[in-house]
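A short worksheet on the structure shown next.
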Amino acid sequence: MLGQDRTRDPDWLWEELGLEIEVRGGEPAAPADAAELRRLVGLALRRNPLRAHLLVSRVLGKHLPVPPVTALDAAARLAERVRALPAPARWAGPGPGAAEVPLVIGYCETATALGHAVADGLPNSHYLHTTRRRVPGSTPVLEFVESHSHATHHWLMPADPGVLETPGRLLLVDDELSTGRTAMGTIRILHAFAPRTDYAVAALVDARPPSARAAFDALAAELGIRLDVVSLVAATVTVPADVTARASRIRAAFGAPTPAGGGGDRGRAEHRVTRVAVSWPAGLPDGARHGWSPAARERLTDAVPAVAKDVLAGLPDPARGGDILVLGTEELMYVPMRLADGLAELTGRRVVYQSTTRSPVHPLDVDGYAIRAALTFPAPDGPERVSHVYNVTPGRYDDIVLVVDSGMDDRGLVPGGPDLDGLLTELRRCADVTVVTIPCHVPAARGAEDAR
């Protein structure tokens with residue numbers, strides 16, 4: 001049986017699962033070894049019968065809290081790798097060797113903010129992310145299926161479908177490439193909708209095995225396209241055939257996890273919940289579900305300082321110190337990340353950022369394991385399913401700033417509508433919670449001016 005002595009080795013989970021790592025680099029002239037991969041990712045067990053383990057990013061700001069500058073820096077480095085690609089075959093950028101990207105597509109929900117921030121580093125690019133949210137009045141243009149995922153279907157829902165036909169390189173952004181099947185399936189669907197000559201995929205970690213890399217080459221040859229892949233670290237992670245059984249044995253060795261908010265007197269305490277109104281510009285989208293233009297990017301940059309001041313003034317005790325967690329909600333990640341960055345500039349307090357997630361991860365409170373605690377609650381916009389937030393525990397933060405859009409927070413105005421109570425019940429056991437609700441952007445009609 002696996003014992004606590006074994007877990008004193010920081011690499012114990014990799015070894016117990018039988019994962020073998022061969023790192024090939026990713027950044028030219030940068031040292032490449034297994035330690036570099038582990039600086040970018042931790043490891044946890046999934047609660048998913050189709051996949052035993054999860055590489056948990058230490059720089060993304062999804063499952064693990066990170067300073068916003070960490071996530072923004074990782075995205076900037078990834079954008080730099082994209083800019084270094086050769087110019088597309090039938091389209092030239094503004095200068096020699098330029099590889100301007102007119103359209104960037106990020107994957108919901110994990111890579112929505114990453115794709116946003118990568119697009120920030122690609123001048124004049126339009127950004128769009130896939131979505132799993134059904135939006136009344138909006139019709140999906142394309143549908144994708146991830147057979148291995150905890151939530152298999154997602155859609156592209158641009159206000160103006162014409163953005164998918166913009167000539168030039170199309171960039172897909174994801175946090176991790178494990179098999180690459182999702183990216184290849186996406187390229188097939190996009191190519192059938194609007195053919196182009198050049199595609200690229202950008203990921204923080206490229207962990208495809210050699211067979212998957214060969215499959216990318218075969219797809220490029222079949223479609224007659226150029227297909228590039230860039231990453232911060234490229235590695236082959238070899239997974240043994242019995243990895244699912246190994247994961248089951250590990251879970252059994254440690255028993256059922258303890259709920260993050262339920263232990264001790266501090267876990268039973270109920271902290272304050274307050275709401276703060278912020279100066280959100282009229283017509284500015286809350287994200288890129290329907291598209292995000294360079295103009296929207298500039299408007300958000302101009303708005304962040306005032307919004308951050310509103311949030312700071314609305315905290316229960318604005319003058320106190322202590323750590324602040326800015327918590328996004330599922331696909332709503334980029335605006336909370338930028339808000340966290342604005343708060344960090346305004347205060348001398350430590351500000352970190354992460355998001356709730358649909359992803360079911362098994363928590364273990366042991367050293368060397370990435371997900372130490374979990375809060376689980378009915379999803380605000382769909383109480384028939386559950387959502388999660390990881391590594392938020394009583395006493396860890398002095399303030400939690402929860403950022404939601406109005407599609408997740410109708411405050412009980414619509415019977416059977418969105419309901420934050422489950423999430424707030426869990427969070428208020430951990431710290432004072434300040435709720436920031438921004439308008440959920442739904443274009444009035446396709447081709448609406450503010451979505452272009």
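Order determines the names: the first chain of the structure tokens is A, the second B, and so forth; residues in each chain are numbered 1 upward, and ligands are numbered 1 upward as they are shown.
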*12 Å contact set for Pro140 of chain A, only C-alpha atoms, chain neighbours under 5 positions out, as JSON, numbers by chain*: {"A": [130, 131, 132, 133, 134, 135, 153, 154, 155, 156, 157, 158, 159, 160, 161, 289, 290, 446]}
Only all heavy atoms, please: the residues just picked out, written as a short mmCIF file (atom, residue, chain, number, x, y, z; two decimals), in the first residue's frame.
data_model
loop_
_atom_site.label_atom_id
_atom_site.label_comp_id
_atom_site.auth_asym_id
_atom_site.auth_seq_id
_atom_site.Cartn_x
_atom_site.Cartn_y
_atom_site.Cartn_z
N THR A 130 -14.34 28.90 -28.26
CA THR A 130 -15.48 27.99 -28.28
C THR A 130 -16.24 28.14 -26.97
O THR A 130 -15.74 28.68 -25.99
CB THR A 130 -15.03 26.54 -28.49
OG1 THR A 130 -14.29 26.09 -27.34
CG2 THR A 130 -14.18 26.39 -29.74
N THR A 131 -17.47 27.64 -26.95
CA THR A 131 -18.30 27.79 -25.76
C THR A 131 -19.14 26.55 -25.53
O THR A 131 -19.51 25.86 -26.48
CB THR A 131 -19.21 29.03 -25.86
OG1 THR A 131 -19.98 29.16 -24.66
CG2 THR A 131 -20.16 28.92 -27.05
N ARG A 132 -19.41 26.27 -24.27
CA ARG A 132 -20.34 25.19 -23.92
C ARG A 132 -21.65 25.77 -23.37
O ARG A 132 -22.51 25.02 -22.95
CB ARG A 132 -19.71 24.26 -22.88
CG ARG A 132 -18.56 23.43 -23.46
CD ARG A 132 -18.10 22.34 -22.51
NE ARG A 132 -17.16 21.46 -23.18
CZ ARG A 132 -15.84 21.50 -23.06
NH1 ARG A 132 -15.29 22.44 -22.29
NH2 ARG A 132 -15.06 20.66 -23.70
N ARG A 133 -21.75 27.08 -23.39
CA ARG A 133 -22.98 27.70 -22.88
C ARG A 133 -23.97 27.90 -24.02
O ARG A 133 -23.63 28.43 -25.07
CB ARG A 133 -22.69 29.05 -22.23
CG ARG A 133 -23.94 29.65 -21.58
CD ARG A 133 -23.73 31.05 -21.07
NE ARG A 133 -22.90 31.08 -19.88
CZ ARG A 133 -22.74 32.18 -19.13
NH1 ARG A 133 -23.34 33.31 -19.46
NH2 ARG A 133 -21.96 32.15 -18.08
N ARG A 134 -25.19 27.48 -23.78
CA ARG A 134 -26.26 27.73 -24.75
C ARG A 134 -26.78 29.15 -24.52
O ARG A 134 -27.23 29.48 -23.42
CB ARG A 134 -27.39 26.71 -24.58
CG ARG A 134 -26.92 25.27 -24.83
CD ARG A 134 -28.07 24.29 -24.75
NE ARG A 134 -27.63 22.93 -24.93
CZ ARG A 134 -27.45 22.33 -26.10
NH1 ARG A 134 -27.68 23.02 -27.22
NH2 ARG A 134 -27.04 21.08 -26.18
N VAL A 135 -26.70 29.97 -25.55
CA VAL A 135 -27.04 31.39 -25.44
C VAL A 135 -28.35 31.64 -26.18
O VAL A 135 -28.41 31.48 -27.41
CB VAL A 135 -25.93 32.28 -26.02
CG1 VAL A 135 -26.31 33.75 -25.89
CG2 VAL A 135 -24.60 32.01 -25.32
N HIS A 153 -19.32 18.38 -25.91
CA HIS A 153 -19.71 19.27 -27.00
C HIS A 153 -19.35 20.73 -26.69
O HIS A 153 -19.53 21.21 -25.59
CB HIS A 153 -21.22 19.18 -27.24
CG HIS A 153 -21.65 17.86 -27.82
ND1 HIS A 153 -21.84 17.66 -29.17
CD2 HIS A 153 -21.91 16.68 -27.23
CE1 HIS A 153 -22.20 16.41 -29.38
NE2 HIS A 153 -22.25 15.80 -28.23
N HIS A 154 -18.85 21.41 -27.71
CA HIS A 154 -18.71 22.86 -27.62
C HIS A 154 -18.88 23.44 -29.00
O HIS A 154 -18.80 22.74 -30.01
CB HIS A 154 -17.39 23.27 -26.96
CG HIS A 154 -16.15 22.68 -27.55
ND1 HIS A 154 -15.00 23.39 -27.76
CD2 HIS A 154 -15.85 21.42 -27.97
CE1 HIS A 154 -14.07 22.62 -28.27
NE2 HIS A 154 -14.57 21.42 -28.41
N TRP A 155 -19.15 24.75 -29.04
CA TRP A 155 -19.56 25.39 -30.28
C TRP A 155 -18.76 26.66 -30.53
O TRP A 155 -18.21 27.27 -29.61
CB TRP A 155 -21.05 25.78 -30.20
CG TRP A 155 -21.96 24.65 -29.90
CD1 TRP A 155 -22.50 23.76 -30.79
CD2 TRP A 155 -22.45 24.25 -28.61
NE1 TRP A 155 -23.29 22.84 -30.14
CE2 TRP A 155 -23.28 23.12 -28.80
CE3 TRP A 155 -22.28 24.75 -27.31
CZ2 TRP A 155 -23.93 22.48 -27.76
CZ3 TRP A 155 -22.91 24.11 -26.27
CH2 TRP A 155 -23.73 22.99 -26.49
N LEU A 156 -18.72 27.07 -31.81
CA LEU A 156 -18.28 28.41 -32.18
C LEU A 156 -19.52 29.23 -32.49
O LEU A 156 -20.38 28.81 -33.27
CB LEU A 156 -17.37 28.37 -33.40
CG LEU A 156 -15.88 28.11 -33.15
CD1 LEU A 156 -15.12 28.09 -34.46
CD2 LEU A 156 -15.28 29.14 -32.19
N MET A 157 -19.61 30.41 -31.87
CA MET A 157 -20.82 31.21 -31.94
C MET A 157 -20.49 32.68 -32.25
O MET A 157 -20.87 33.59 -31.53
CB MET A 157 -21.54 31.11 -30.58
CG MET A 157 -23.04 31.13 -30.65
SD MET A 157 -23.75 30.87 -28.98
CE MET A 157 -23.48 29.12 -28.74
N PRO A 158 -19.73 32.94 -33.34
CA PRO A 158 -19.36 34.33 -33.61
C PRO A 158 -20.58 35.16 -34.00
O PRO A 158 -21.49 34.69 -34.68
CB PRO A 158 -18.39 34.20 -34.79
CG PRO A 158 -18.79 32.94 -35.47
CD PRO A 158 -19.23 32.01 -34.37
N ALA A 159 -20.58 36.41 -33.57
CA ALA A 159 -21.64 37.32 -33.99
C ALA A 159 -21.59 37.51 -35.50
O ALA A 159 -22.64 37.65 -36.15
CB ALA A 159 -21.48 38.66 -33.28
N ASP A 160 -20.39 37.51 -36.06
CA ASP A 160 -20.21 37.65 -37.49
C ASP A 160 -19.45 36.42 -38.00
O ASP A 160 -18.23 36.34 -37.84
CB ASP A 160 -19.44 38.93 -37.81
CG ASP A 160 -19.18 39.10 -39.30
OD1 ASP A 160 -19.72 38.30 -40.09
OD2 ASP A 160 -18.45 40.03 -39.66
N PRO A 161 -20.13 35.45 -38.60
CA PRO A 161 -19.44 34.25 -39.10
C PRO A 161 -18.36 34.56 -40.12
O PRO A 161 -17.49 33.73 -40.37
CB PRO A 161 -20.57 33.42 -39.72
CG PRO A 161 -21.81 33.91 -39.07
CD PRO A 161 -21.59 35.37 -38.82
N ARG A 289 -16.89 34.99 -26.41
CA ARG A 289 -17.82 33.94 -26.86
C ARG A 289 -18.37 34.28 -28.25
O ARG A 289 -18.61 33.40 -29.07
CB ARG A 289 -18.95 33.79 -25.85
CG ARG A 289 -19.93 32.69 -26.16
CD ARG A 289 -20.98 32.55 -25.07
NE ARG A 289 -20.38 32.11 -23.81
CZ ARG A 289 -20.28 32.88 -22.74
NH1 ARG A 289 -20.75 34.12 -22.75
NH2 ARG A 289 -19.72 32.41 -21.64
N HIS A 290 -18.61 35.56 -28.51
CA HIS A 290 -19.15 35.99 -29.79
C HIS A 290 -18.13 36.79 -30.60
O HIS A 290 -18.46 37.33 -31.64
CB HIS A 290 -20.41 36.83 -29.56
CG HIS A 290 -21.45 36.13 -28.76
ND1 HIS A 290 -22.17 35.06 -29.24
CD2 HIS A 290 -21.87 36.32 -27.48
CE1 HIS A 290 -23.01 34.64 -28.30
NE2 HIS A 290 -22.84 35.38 -27.22
N ARG A 446 -26.45 39.00 -35.66
CA ARG A 446 -25.16 38.71 -36.27
C ARG A 446 -24.71 39.90 -37.11
O ARG A 446 -25.50 40.51 -37.83
CB ARG A 446 -25.26 37.47 -37.15
CG ARG A 446 -25.20 36.19 -36.32
CD ARG A 446 -25.22 34.99 -37.19
NE ARG A 446 -25.06 33.79 -36.38
CZ ARG A 446 -25.30 32.57 -36.81
NH1 ARG A 446 -25.73 32.38 -38.03
NH2 ARG A 446 -25.12 31.54 -36.02
#
Can you list every residue of segment 236-309 of chain A that has an atom at most 9 Å from segment 199-213 of chain A, with its nearest atom pair and the distance in Å to one decimal, using only C-alpha atoms, ordered by chain then number, as a Markdown table?
| residue | atom | partner | partner_atom | distance |
| --- | --- | --- | --- | --- |
| A:Thr236 | CA | A:Ala207 | CA | 5.0 |
| A:Val237 | CA | A:Ala207 | CA | 5.8 |
| A:Thr238 | CA | A:Pro209 | CA | 7.1 |
*From the set A:Val141, A:Leu232, A:Ala44, A:Ala117, which residue has the shortest atom-to-atom contact distance to Tyr369 of chain A, counting only C-alpha atoms?*
A:Ala44
_Among listed residues A:Glu345, A:Asp9, A:Asp286, A:Glu331, nearest Leu114 of chain A (using only C-alpha atoms)_ =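 Nearest candidate to Leu114 of chain A out of A:Glu345, A:Asp9, A:Asp286, A:Glu331: A:Glu331.
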*asked:* List as JSON, numbers by chain the protein and nucleic acid residues near Pro88 of chain A, meaning an atom at most 8 Å away when only C-alpha atoms are counted, but skip any in the same chain fewer than 5 places from it.
replied: {"A": [99, 168, 169, 197, 198]}
Residue subset to file, keeping C-alpha atoms, as a compact mmCIF listing (two decimals), in the first residue's frame:
# COMPACT_ATOMS: atom_id res chain seq x y z
CA ALA A 99 3.59 36.06 -39.25
CA GLY A 168 -4.27 34.24 -43.45
CA ARG A 169 -3.04 31.91 -40.75
CA THR A 197 -3.39 27.35 -46.51
CA ASP A 198 -1.93 27.87 -43.03
_Using only C-alpha atoms, can you tell me which of A:His53, A:Arg246, A:Arg275, A:Arg77 comes closest to Thr437 of chain A?_
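The shortest atom-to-atom distance to Thr437 of chain A comes from A:Arg275.
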*Residues of segment 96-332 of chain A in strand (DSSP E or B) according to DSSP, as a PyMOL selection string?*
chain A and resi 103-106+126-129+131+142-145+153-156+170-177+198-206+226-238+273-276+292+324-329+332
*Quick one: everything within 7 Å of Val118 of chain A, counting only C-alpha atoms, minus sequence neighbours fewer than 6 positions away in the same chain. Send it as an NGL selection string.*
:A and (75-76 or 78-79)
*asked:* I'd like the contact shell of Asp11 of chain A - 8 Å cut-off, only C-alpha atoms, skipping same-chain residues fewer than 3 positions apart - returned as an NGL selection string.
replied: :A and (14-15 or 368)
*asked:* Just list as JSON, numbers by chain whatever in segment 68-133 of chain A DSSP marks as helix (DSSP H, G or I).
replied: {"A": [68, 69, 70, 71, 72, 73, 74, 75, 76, 77, 78, 79, 80, 81, 82, 83, 112, 113, 114, 115, 116, 117, 118, 119, 120]}
Would you list the contacts of segment 16-21 of chain A as a PDB file with C-alpha atoms, in the first residue's frame, taking every protein, DNA or RNA residue within 10 Å and counting only C-alpha atoms, but skipping same-chain residues closer than 5 positions in sequence?
ATOM      1  CA  LEU A   2       1.195   3.493  -0.784  1.00  0.00           C
ATOM      2  CA  ARG A   6       6.459   7.587  -0.379  1.00  0.00           C
ATOM      3  CA  ASP A  11       7.774  13.027  -8.069  1.00  0.00           C
ATOM      4  CA  ASP A  33      14.703  18.648 -19.009  1.00  0.00           C
ATOM      5  CA  ALA A  34      11.977  17.021 -16.921  1.00  0.00           C
ATOM      6  CA  LEU A  37       8.124  20.450 -17.555  1.00  0.00           C
ATOM      7  CA  LEU A  45      -5.903  12.254 -10.815  1.00  0.00           C
ATOM      8  CA  ALA A  52      -6.728   8.706 -15.450  1.00  0.00           C
ATOM      9  CA  HIS A  53      -4.572  11.773 -14.878  1.00  0.00           C
ATOM     10  CA  ALA A 207       2.936  16.317 -24.718  1.00  0.00           C
ATOM     11  CA  ALA A 235       7.644  16.504 -24.226  1.00  0.00           C
ATOM     12  CA  THR A 236       6.594  12.938 -24.779  1.00  0.00           C
ATOM     13  CA  VAL A 237       4.698  11.579 -21.776  1.00  0.00           C
ATOM     14  CA  THR A 238       4.436   7.814 -22.154  1.00  0.00           C
ATOM     15  CA  VAL A 239       1.421   6.347 -20.361  1.00  0.00           C
ATOM     16  CA  PRO A 240       1.340   2.653 -19.375  1.00  0.00           C
ATOM     17  CA  ALA A 241      -1.594   0.471 -20.410  1.00  0.00           C
ATOM     18  CA  ASP A 242      -2.640  -0.062 -16.787  1.00  0.00           C
ATOM     19  CA  VAL A 243      -2.663   3.632 -15.820  1.00  0.00           C
ATOM     20  CA  THR A 244      -6.394   3.576 -14.922  1.00  0.00           C
ATOM     21  CA  ALA A 245      -5.872   0.671 -12.523  1.00  0.00           C
ATOM     22  CA  ARG A 246      -2.859   2.434 -11.022  1.00  0.00           C
ATOM     23  CA  ALA A 247      -4.949   5.564 -10.426  1.00  0.00           C
ATOM     24  CA  ARG A 249      -5.148   1.958  -6.369  1.00  0.00           C
ATOM     25  CA  ILE A 250      -3.803   5.394  -5.416  1.00  0.00           C
TER      26      ILE A 250
END
*What does the distance from atom CA of Gly328 of chain A to atom CA of Thr356 of chain A come to in Å, to one decimal?*
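Separating atom CA of Gly328 of chain A from atom CA of Thr356 of chain A is a distance of 6.3 Å.
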*asked:* I'd like to know which of A:Val66, A:Leu375, A:Ala119, A:Met184 is closest to Phe144 of chain A, using only C-alpha atoms.
replied: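 Checking each candidate against Phe144 of chain A, we get A:Met184 as the closest.
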